[in-house]
>>> print(open('run_38.txt').read())   # compact mmCIF, N, CA, C and O atoms
# COMPACT_ATOMS: atom_id res chain seq x y z
N MET V 286 -31.26 -8.67 12.41
CA MET V 286 -30.20 -9.54 11.93
C MET V 286 -29.76 -10.47 13.06
O MET V 286 -29.78 -10.09 14.22
N THR V 287 -29.33 -11.61 12.67
CA THR V 287 -28.87 -12.56 13.66
C THR V 287 -27.46 -12.20 14.11
O THR V 287 -26.76 -11.41 13.46
N LYS V 288 -27.04 -12.78 15.21
CA LYS V 288 -25.70 -12.50 15.74
C LYS V 288 -24.62 -12.96 14.78
O LYS V 288 -23.60 -12.30 14.62
N ILE V 289 -24.86 -14.07 14.10
CA ILE V 289 -23.86 -14.59 13.16
C ILE V 289 -23.69 -13.65 11.97
O ILE V 289 -22.57 -13.35 11.57
N SER V 290 -24.79 -13.15 11.43
CA SER V 290 -24.68 -12.24 10.29
C SER V 290 -24.02 -10.92 10.69
O SER V 290 -23.27 -10.34 9.92
N MET V 291 -24.28 -10.46 11.91
CA MET V 291 -23.62 -9.24 12.39
C MET V 291 -22.12 -9.45 12.54
O MET V 291 -21.32 -8.59 12.19
N LEU V 292 -21.74 -10.63 13.05
CA LEU V 292 -20.32 -10.95 13.20
C LEU V 292 -19.64 -11.03 11.84
O LEU V 292 -18.55 -10.49 11.66
N LEU V 293 -20.29 -11.67 10.88
CA LEU V 293 -19.71 -11.76 9.54
C LEU V 293 -19.57 -10.39 8.90
O LEU V 293 -18.57 -10.10 8.24
N LEU V 294 -20.54 -9.54 9.11
CA LEU V 294 -20.48 -8.18 8.57
C LEU V 294 -19.32 -7.41 9.19
O LEU V 294 -18.56 -6.74 8.49
N ALA V 295 -19.16 -7.53 10.50
CA ALA V 295 -18.07 -6.84 11.19
C ALA V 295 -16.71 -7.35 10.72
O ALA V 295 -15.78 -6.56 10.49
N LEU V 296 -16.56 -8.65 10.55
CA LEU V 296 -15.29 -9.21 10.07
C LEU V 296 -14.99 -8.76 8.65
O LEU V 296 -13.85 -8.48 8.31
N THR V 297 -16.01 -8.69 7.82
CA THR V 297 -15.82 -8.25 6.44
C THR V 297 -15.37 -6.79 6.39
O THR V 297 -14.47 -6.44 5.64
N LEU V 298 -15.98 -5.96 7.20
CA LEU V 298 -15.62 -4.54 7.21
C LEU V 298 -14.22 -4.32 7.76
O LEU V 298 -13.50 -3.42 7.30
N CYS V 299 -13.80 -5.11 8.72
CA CYS V 299 -12.49 -4.93 9.34
C CYS V 299 -11.36 -5.61 8.56
O CYS V 299 -10.20 -5.38 8.84
N ALA V 300 -11.70 -6.43 7.59
CA ALA V 300 -10.67 -7.17 6.86
C ALA V 300 -9.71 -6.23 6.14
O ALA V 300 -8.51 -6.49 6.06
N GLY V 301 -10.18 -5.10 5.64
CA GLY V 301 -9.32 -4.18 4.93
C GLY V 301 -8.66 -3.14 5.81
O GLY V 301 -7.84 -2.36 5.35
N CYS V 302 -8.99 -3.11 7.07
CA CYS V 302 -8.49 -2.07 7.96
C CYS V 302 -7.00 -2.20 8.25
O CYS V 302 -6.32 -1.22 8.47
N ALA V 303 -6.49 -3.39 8.30
CA ALA V 303 -5.11 -3.61 8.73
C ALA V 303 -4.22 -4.05 7.57
O ALA V 303 -3.31 -4.83 7.74
N SER V 304 -4.48 -3.53 6.39
CA SER V 304 -3.68 -3.96 5.25
C SER V 304 -2.32 -3.27 5.25
O SER V 304 -2.16 -2.17 5.76
N ASN V 305 -1.35 -3.93 4.66
CA ASN V 305 0.00 -3.38 4.53
C ASN V 305 0.11 -2.61 3.23
O ASN V 305 -0.57 -2.90 2.25
N TYR V 306 1.00 -1.65 3.22
CA TYR V 306 1.26 -0.83 2.04
C TYR V 306 2.73 -0.91 1.68
O TYR V 306 3.58 -0.99 2.56
N ASN V 307 3.01 -0.89 0.39
CA ASN V 307 4.39 -0.81 -0.10
C ASN V 307 4.67 0.63 -0.50
O ASN V 307 3.94 1.21 -1.29
N ILE V 308 5.73 1.18 0.05
CA ILE V 308 6.18 2.52 -0.30
C ILE V 308 7.41 2.34 -1.18
O ILE V 308 8.45 1.89 -0.72
N THR V 309 7.28 2.66 -2.46
CA THR V 309 8.39 2.55 -3.39
C THR V 309 9.10 3.89 -3.43
O THR V 309 8.49 4.93 -3.70
N LEU V 310 10.40 3.86 -3.16
CA LEU V 310 11.20 5.08 -3.15
C LEU V 310 11.80 5.32 -4.53
O LEU V 310 11.85 4.43 -5.37
N ASN V 311 12.28 6.53 -4.75
CA ASN V 311 12.87 6.88 -6.05
C ASN V 311 14.08 6.04 -6.41
O ASN V 311 14.37 5.85 -7.59
N ASN V 312 14.79 5.50 -5.42
CA ASN V 312 15.97 4.68 -5.70
C ASN V 312 15.61 3.21 -5.93
O ASN V 312 16.49 2.38 -6.09
N GLY V 313 14.31 2.89 -5.94
CA GLY V 313 13.87 1.53 -6.20
C GLY V 313 13.64 0.70 -4.94
O GLY V 313 13.08 -0.39 -5.01
N GLU V 314 14.07 1.19 -3.79
CA GLU V 314 13.86 0.46 -2.54
C GLU V 314 12.37 0.46 -2.20
O GLU V 314 11.66 1.44 -2.43
N VAL V 315 11.90 -0.67 -1.65
CA VAL V 315 10.50 -0.79 -1.25
C VAL V 315 10.44 -0.97 0.26
O VAL V 315 11.10 -1.85 0.81
N VAL V 316 9.67 -0.12 0.92
CA VAL V 316 9.49 -0.19 2.36
C VAL V 316 8.04 -0.61 2.61
O VAL V 316 7.12 -0.06 2.00
N THR V 317 7.84 -1.58 3.50
CA THR V 317 6.49 -2.04 3.82
C THR V 317 6.02 -1.37 5.10
O THR V 317 6.74 -1.32 6.08
N SER V 318 4.79 -0.86 5.06
CA SER V 318 4.21 -0.22 6.24
C SER V 318 3.00 -1.01 6.72
O SER V 318 2.32 -1.65 5.92
N ARG V 319 2.78 -0.96 8.01
CA ARG V 319 1.56 -1.54 8.58
C ARG V 319 0.51 -0.45 8.55
O ARG V 319 0.63 0.57 9.22
N GLY V 320 -0.51 -0.63 7.76
CA GLY V 320 -1.54 0.38 7.63
C GLY V 320 -1.12 1.44 6.62
O GLY V 320 0.01 1.46 6.13
N LYS V 321 -2.02 2.33 6.33
CA LYS V 321 -1.78 3.37 5.33
C LYS V 321 -0.90 4.47 5.90
O LYS V 321 -1.17 4.99 6.98
N PRO V 322 0.17 4.84 5.19
CA PRO V 322 1.02 5.96 5.65
C PRO V 322 0.21 7.26 5.70
O PRO V 322 -0.70 7.47 4.90
N LYS V 323 0.55 8.12 6.64
CA LYS V 323 -0.17 9.38 6.81
C LYS V 323 0.74 10.56 6.45
O LYS V 323 1.87 10.64 6.91
N LEU V 324 0.23 11.44 5.61
CA LEU V 324 0.95 12.65 5.23
C LEU V 324 1.01 13.58 6.43
O LEU V 324 0.00 13.83 7.09
N ASP V 325 2.21 14.09 6.74
CA ASP V 325 2.33 14.97 7.91
C ASP V 325 1.66 16.32 7.63
O ASP V 325 1.33 16.64 6.50
N LYS V 326 1.44 17.10 8.69
CA LYS V 326 0.68 18.34 8.58
C LYS V 326 1.34 19.36 7.66
O LYS V 326 0.68 20.13 6.99
N SER V 327 2.67 19.37 7.62
CA SER V 327 3.37 20.33 6.77
C SER V 327 3.50 19.82 5.33
O SER V 327 4.04 20.51 4.48
N LYS V 328 2.99 18.62 5.07
CA LYS V 328 2.99 17.99 3.74
C LYS V 328 4.40 17.86 3.16
O LYS V 328 4.63 18.09 1.98
N THR V 329 5.33 17.47 4.02
CA THR V 329 6.71 17.28 3.56
C THR V 329 7.13 15.82 3.59
O THR V 329 8.23 15.48 3.18
N GLY V 330 6.27 14.94 4.11
CA GLY V 330 6.62 13.52 4.18
C GLY V 330 5.52 12.68 4.79
O GLY V 330 4.45 13.18 5.13
N TYR V 331 5.80 11.38 4.89
CA TYR V 331 4.83 10.42 5.41
C TYR V 331 5.33 9.78 6.69
O TYR V 331 6.48 9.37 6.77
N TYR V 332 4.42 9.68 7.67
CA TYR V 332 4.66 8.91 8.88
C TYR V 332 3.99 7.57 8.70
O TYR V 332 2.89 7.49 8.16
N PHE V 333 4.66 6.51 9.15
CA PHE V 333 4.08 5.17 9.05
C PHE V 333 4.74 4.27 10.08
O PHE V 333 5.75 4.62 10.67
N THR V 334 4.15 3.10 10.28
CA THR V 334 4.74 2.07 11.13
C THR V 334 5.30 1.01 10.20
O THR V 334 4.58 0.49 9.34
N ASP V 335 6.59 0.71 10.34
CA ASP V 335 7.21 -0.26 9.43
C ASP V 335 6.78 -1.69 9.78
O ASP V 335 6.03 -1.92 10.73
N ALA V 336 7.24 -2.65 8.99
CA ALA V 336 6.83 -4.04 9.15
C ALA V 336 7.23 -4.61 10.51
O ALA V 336 6.61 -5.55 10.99
N SER V 337 8.25 -4.04 11.14
CA SER V 337 8.69 -4.51 12.46
C SER V 337 7.92 -3.86 13.60
O SER V 337 8.13 -4.19 14.76
N GLY V 338 7.05 -2.90 13.26
CA GLY V 338 6.26 -2.22 14.29
C GLY V 338 6.88 -0.94 14.80
O GLY V 338 6.38 -0.34 15.75
N ASN V 339 7.96 -0.49 14.18
CA ASN V 339 8.64 0.74 14.61
C ASN V 339 8.11 1.95 13.83
O ASN V 339 7.91 1.86 12.62
N PRO V 340 7.91 3.08 14.50
CA PRO V 340 7.49 4.28 13.78
C PRO V 340 8.61 4.76 12.85
O PRO V 340 9.78 4.65 13.18
N ASP V 341 8.22 5.26 11.69
CA ASP V 341 9.21 5.70 10.71
C ASP V 341 8.67 6.89 9.94
O ASP V 341 7.49 7.21 10.01
N TYR V 342 9.55 7.53 9.18
CA TYR V 342 9.21 8.71 8.40
C TYR V 342 10.01 8.68 7.12
O TYR V 342 11.17 8.28 7.10
N VAL V 343 9.40 9.09 6.02
CA VAL V 343 10.11 9.24 4.76
C VAL V 343 9.65 10.56 4.12
O VAL V 343 8.46 10.90 4.15
N SER V 344 10.60 11.33 3.60
CA SER V 344 10.26 12.63 3.02
C SER V 344 9.52 12.44 1.69
O SER V 344 9.72 11.46 0.97
N LEU V 345 8.67 13.38 1.40
CA LEU V 345 7.81 13.32 0.23
C LEU V 345 8.62 13.22 -1.07
O LEU V 345 8.24 12.52 -1.99
N GLY V 346 9.77 13.89 -1.14
CA GLY V 346 10.59 13.88 -2.34
C GLY V 346 11.22 12.54 -2.66
O GLY V 346 11.63 12.30 -3.79
N ARG V 347 11.28 11.64 -1.68
CA ARG V 347 11.87 10.31 -1.88
C ARG V 347 10.84 9.28 -2.35
O ARG V 347 11.20 8.19 -2.75
N VAL V 348 9.54 9.61 -2.26
CA VAL V 348 8.47 8.64 -2.54
C VAL V 348 8.09 8.66 -4.01
O VAL V 348 7.75 9.71 -4.56
N LYS V 349 8.15 7.50 -4.62
CA LYS V 349 7.71 7.36 -6.00
C LYS V 349 6.26 6.89 -6.06
O LYS V 349 5.47 7.37 -6.87
N GLU V 350 5.90 5.91 -5.19
CA GLU V 350 4.56 5.34 -5.22
C GLU V 350 4.22 4.74 -3.86
O GLU V 350 5.08 4.19 -3.19
N ILE V 351 2.95 4.84 -3.50
CA ILE V 351 2.42 4.14 -2.33
C ILE V 351 1.23 3.34 -2.81
O ILE V 351 0.31 3.90 -3.41
N ALA V 352 1.28 2.03 -2.57
CA ALA V 352 0.20 1.15 -3.05
C ALA V 352 -0.04 0.04 -2.04
O ALA V 352 0.89 -0.41 -1.38
N PRO V 353 -1.29 -0.42 -1.93
CA PRO V 353 -1.56 -1.55 -1.06
C PRO V 353 -0.73 -2.76 -1.49
O PRO V 353 -0.51 -2.98 -2.68
N GLN V 354 -0.27 -3.52 -0.52
CA GLN V 354 0.56 -4.68 -0.81
C GLN V 354 -0.20 -5.69 -1.67
O GLN V 354 0.39 -6.39 -2.48
N SER V 355 -1.52 -5.75 -1.54
CA SER V 355 -2.31 -6.68 -2.33
C SER V 355 -2.21 -6.36 -3.82
O SER V 355 -2.29 -7.25 -4.65
N TRP V 356 -2.03 -5.10 -4.19
CA TRP V 356 -1.85 -4.74 -5.60
C TRP V 356 -0.54 -5.28 -6.13
O TRP V 356 -0.44 -5.71 -7.27
N GLN V 357 0.49 -5.23 -5.32
CA GLN V 357 1.83 -5.67 -5.74
C GLN V 357 1.80 -7.13 -6.16
O GLN V 357 2.42 -7.52 -7.13
N LYS V 358 1.09 -7.97 -5.43
CA LYS V 358 1.05 -9.39 -5.73
C LYS V 358 0.45 -9.64 -7.11
O LYS V 358 0.85 -10.55 -7.80
N LYS V 359 -0.51 -8.81 -7.52
CA LYS V 359 -1.14 -8.99 -8.82
C LYS V 359 -0.14 -8.77 -9.95
O LYS V 359 -0.19 -9.42 -10.97
N TYR V 360 0.77 -7.83 -9.78
CA TYR V 360 1.66 -7.43 -10.86
C TYR V 360 3.05 -8.06 -10.77
O TYR V 360 3.89 -7.82 -11.63
N ASP V 361 3.31 -8.88 -9.76
CA ASP V 361 4.58 -9.59 -9.65
C ASP V 361 4.60 -10.84 -10.52
O ASP V 361 5.64 -11.42 -10.74
N ASP V 362 3.45 -11.25 -11.00
CA ASP V 362 3.36 -12.44 -11.83
C ASP V 362 4.15 -12.21 -13.12
O ASP V 362 3.92 -11.26 -13.85
N LYS V 363 5.10 -13.11 -13.39
CA LYS V 363 5.97 -12.95 -14.57
C LYS V 363 5.22 -13.11 -15.88
O LYS V 363 5.69 -12.69 -16.93
N SER V 364 4.03 -13.72 -15.84
CA SER V 364 3.27 -13.91 -17.07
C SER V 364 2.50 -12.65 -17.46
O SER V 364 1.96 -12.57 -18.55
N PHE V 365 2.45 -11.66 -16.57
CA PHE V 365 1.74 -10.42 -16.87
C PHE V 365 2.59 -9.61 -17.85
O PHE V 365 3.75 -9.30 -17.61
N LYS V 366 2.03 -9.26 -18.98
CA LYS V 366 2.76 -8.50 -20.00
C LYS V 366 1.94 -7.28 -20.41
O LYS V 366 0.75 -7.35 -20.57
N PHE V 367 2.64 -6.17 -20.58
CA PHE V 367 1.99 -4.99 -21.07
C PHE V 367 1.88 -5.09 -22.58
O PHE V 367 2.83 -5.45 -23.27
N LEU V 368 0.72 -4.76 -23.10
CA LEU V 368 0.51 -4.76 -24.54
C LEU V 368 0.40 -3.33 -25.02
O LEU V 368 -0.16 -2.48 -24.33
N PRO V 369 0.92 -3.05 -26.21
CA PRO V 369 0.82 -1.68 -26.73
C PRO V 369 -0.64 -1.33 -27.02
O PRO V 369 -1.44 -2.21 -27.33
N ALA V 370 -0.93 -0.06 -26.90
CA ALA V 370 -2.29 0.40 -27.19
C ALA V 370 -2.59 0.20 -28.68
O ALA V 370 -1.68 0.32 -29.51
N PRO V 371 -3.82 -0.11 -29.02
CA PRO V 371 -4.17 -0.29 -30.44
C PRO V 371 -3.85 0.97 -31.23
O PRO V 371 -4.13 2.08 -30.82
N GLY V 372 -3.20 0.77 -32.36
CA GLY V 372 -2.87 1.88 -33.23
C GLY V 372 -1.63 2.65 -32.82
O GLY V 372 -1.30 3.67 -33.42
N SER V 373 -0.89 2.20 -31.81
CA SER V 373 0.28 2.93 -31.36
C SER V 373 1.54 2.52 -32.10
O SER V 373 2.60 3.08 -31.88
N GLN V 374 1.46 1.50 -32.94
CA GLN V 374 2.67 1.06 -33.65
C GLN V 374 2.68 1.45 -35.08
O GLN V 374 1.87 1.56 -35.82
>>> encode(input="run_38.txt", output="structure tokens")
Amino acid sequence: MTKISMLLLALTLCAGCASNYNITLNNGEVVTSRGKPKLDKSKTGYYFTDASGNPDYVSLGRVKEIAPQSWQKKYDDKSFKFLPAPGSQ
């Protein structure tokens, strides 16, 4: 492989490495983390680095959902509508 193709391959593989995640809490608050939050060894909560670069922790019972920030952008569009399943009405 040429050097250019190797560089493009490396950039493509690393593109998803530093993605942000949204942690939605039970009270509706959304916390953004740099990188994927990690479940602690005792499985009682998640350690993560917040958007400001500070280490943080949230207990497992407070977490409603953890999703990549790129997913959130897809569903924030106001034109997106849920349709009932066929035969459900």
>>> atom_distance(input="run_38.txt", atom1="atom C of Ser337 (chain V)", atom2="atom N of Ile351 (chain V)")
19.8 Å
>>> atom_distance(input="run_38.txt", atom1="CA of Ser355 (chain V)", atom2="CA of Lys328 (chain V)")
26.0 Å
>>> closest_residue(input="run_38.txt", among="V:Leu345, V:Ala352, V:Tyr306, V:Ser318", to="Phe333 (chain V)", atoms="only N, CA, C and O atoms")
V:Ser318
>>> atom_distance(input="run_38.txt", atom1="CA of Lys326 (chain V)", atom2="CA of Gln354 (chain V)")
24.9 Å
>>> residues_around(input="run_38.txt", residues="Ala336 (chain V)", least_positions_apart="5", cutoff="7 Å", atoms="only N, CA, C and O atoms", output="list in words")
Val316, Thr317, Ser318 and Arg319 of chain V
>>> closest_residue(input="run_38.txt", among="V:Asn339, V:Asn312, V:Thr287, V:Asn305", to="Trp356 (chain V)", atoms="all atoms listed in the file")
V:Asn305
>>> closest_residue(input="run_38.txt", among="V:Ser304, V:Leu310, V:Val343, V:Glu350", to="Thr329 (chain V)", atoms="all atoms listed in the file")
V:Val343
>>> decode(input="run_38.txt", residues="region 330-341 of chain V", atoms="N, CA, C and O atoms", output="PDB file, in the first residue's frame")
ATOM      1  N   GLY V 330     -21.766   2.668  38.847  1.00  0.00           N
ATOM      2  CA  GLY V 330     -21.818   3.954  38.154  1.00  0.00           C
ATOM      3  C   GLY V 330     -20.820   4.040  37.026  1.00  0.00           C
ATOM      4  O   GLY V 330     -20.097   3.087  36.734  1.00  0.00           O
ATOM      5  N   TYR V 331     -20.815   5.200  36.367  1.00  0.00           N
ATOM      6  CA  TYR V 331     -19.946   5.436  35.220  1.00  0.00           C
ATOM      7  C   TYR V 331     -18.950   6.542  35.506  1.00  0.00           C
ATOM      8  O   TYR V 331     -19.311   7.589  36.036  1.00  0.00           O
ATOM      9  N   TYR V 332     -17.693   6.295  35.118  1.00  0.00           N
ATOM     10  CA  TYR V 332     -16.656   7.321  35.126  1.00  0.00           C
ATOM     11  C   TYR V 332     -16.541   7.855  33.716  1.00  0.00           C
ATOM     12  O   TYR V 332     -16.614   7.090  32.747  1.00  0.00           O
ATOM     13  N   PHE V 333     -16.370   9.169  33.583  1.00  0.00           N
ATOM     14  CA  PHE V 333     -16.218   9.772  32.270  1.00  0.00           C
ATOM     15  C   PHE V 333     -15.518  11.110  32.409  1.00  0.00           C
ATOM     16  O   PHE V 333     -15.366  11.634  33.511  1.00  0.00           O
ATOM     17  N   THR V 334     -15.086  11.659  31.288  1.00  0.00           N
ATOM     18  CA  THR V 334     -14.516  12.998  31.242  1.00  0.00           C
ATOM     19  C   THR V 334     -15.568  13.903  30.635  1.00  0.00           C
ATOM     20  O   THR V 334     -16.075  13.620  29.545  1.00  0.00           O
ATOM     21  N   ASP V 335     -15.938  14.963  31.354  1.00  0.00           N
ATOM     22  CA  ASP V 335     -17.002  15.837  30.844  1.00  0.00           C
ATOM     23  C   ASP V 335     -16.496  16.712  29.699  1.00  0.00           C
ATOM     24  O   ASP V 335     -15.324  16.653  29.319  1.00  0.00           O
ATOM     25  N   ALA V 336     -17.384  17.513  29.131  1.00  0.00           N
ATOM     26  CA  ALA V 336     -17.060  18.334  27.965  1.00  0.00           C
ATOM     27  C   ALA V 336     -15.957  19.346  28.256  1.00  0.00           C
ATOM     28  O   ALA V 336     -15.253  19.772  27.344  1.00  0.00           O
ATOM     29  N   SER V 337     -15.778  19.717  29.517  1.00  0.00           N
ATOM     30  CA  SER V 337     -14.728  20.669  29.896  1.00  0.00           C
ATOM     31  C   SER V 337     -13.385  19.993  30.145  1.00  0.00           C
ATOM     32  O   SER V 337     -12.395  20.658  30.415  1.00  0.00           O
ATOM     33  N   GLY V 338     -13.373  18.655  30.106  1.00  0.00           N
ATOM     34  CA  GLY V 338     -12.134  17.918  30.332  1.00  0.00           C
ATOM     35  C   GLY V 338     -11.918  17.485  31.763  1.00  0.00           C
ATOM     36  O   GLY V 338     -10.858  16.975  32.111  1.00  0.00           O
ATOM     37  N   ASN V 339     -12.920  17.672  32.617  1.00  0.00           N
ATOM     38  CA  ASN V 339     -12.812  17.294  34.029  1.00  0.00           C
ATOM     39  C   ASN V 339     -13.338  15.873  34.249  1.00  0.00           C
ATOM     40  O   ASN V 339     -14.375  15.515  33.696  1.00  0.00           O
ATOM     41  N   PRO V 340     -12.659  15.082  35.079  1.00  0.00           N
ATOM     42  CA  PRO V 340     -13.178  13.745  35.381  1.00  0.00           C
ATOM     43  C   PRO V 340     -14.471  13.856  36.186  1.00  0.00           C
ATOM     44  O   PRO V 340     -14.625  14.750  37.010  1.00  0.00           O
ATOM     45  N   ASP V 341     -15.398  12.955  35.918  1.00  0.00           N
ATOM     46  CA  ASP V 341     -16.693  13.003  36.592  1.00  0.00           C
ATOM     47  C   ASP V 341     -17.213  11.587  36.792  1.00  0.00           C
ATOM     48  O   ASP V 341     -16.692  10.626  36.233  1.00  0.00           O
TER      49      ASP V 341
END
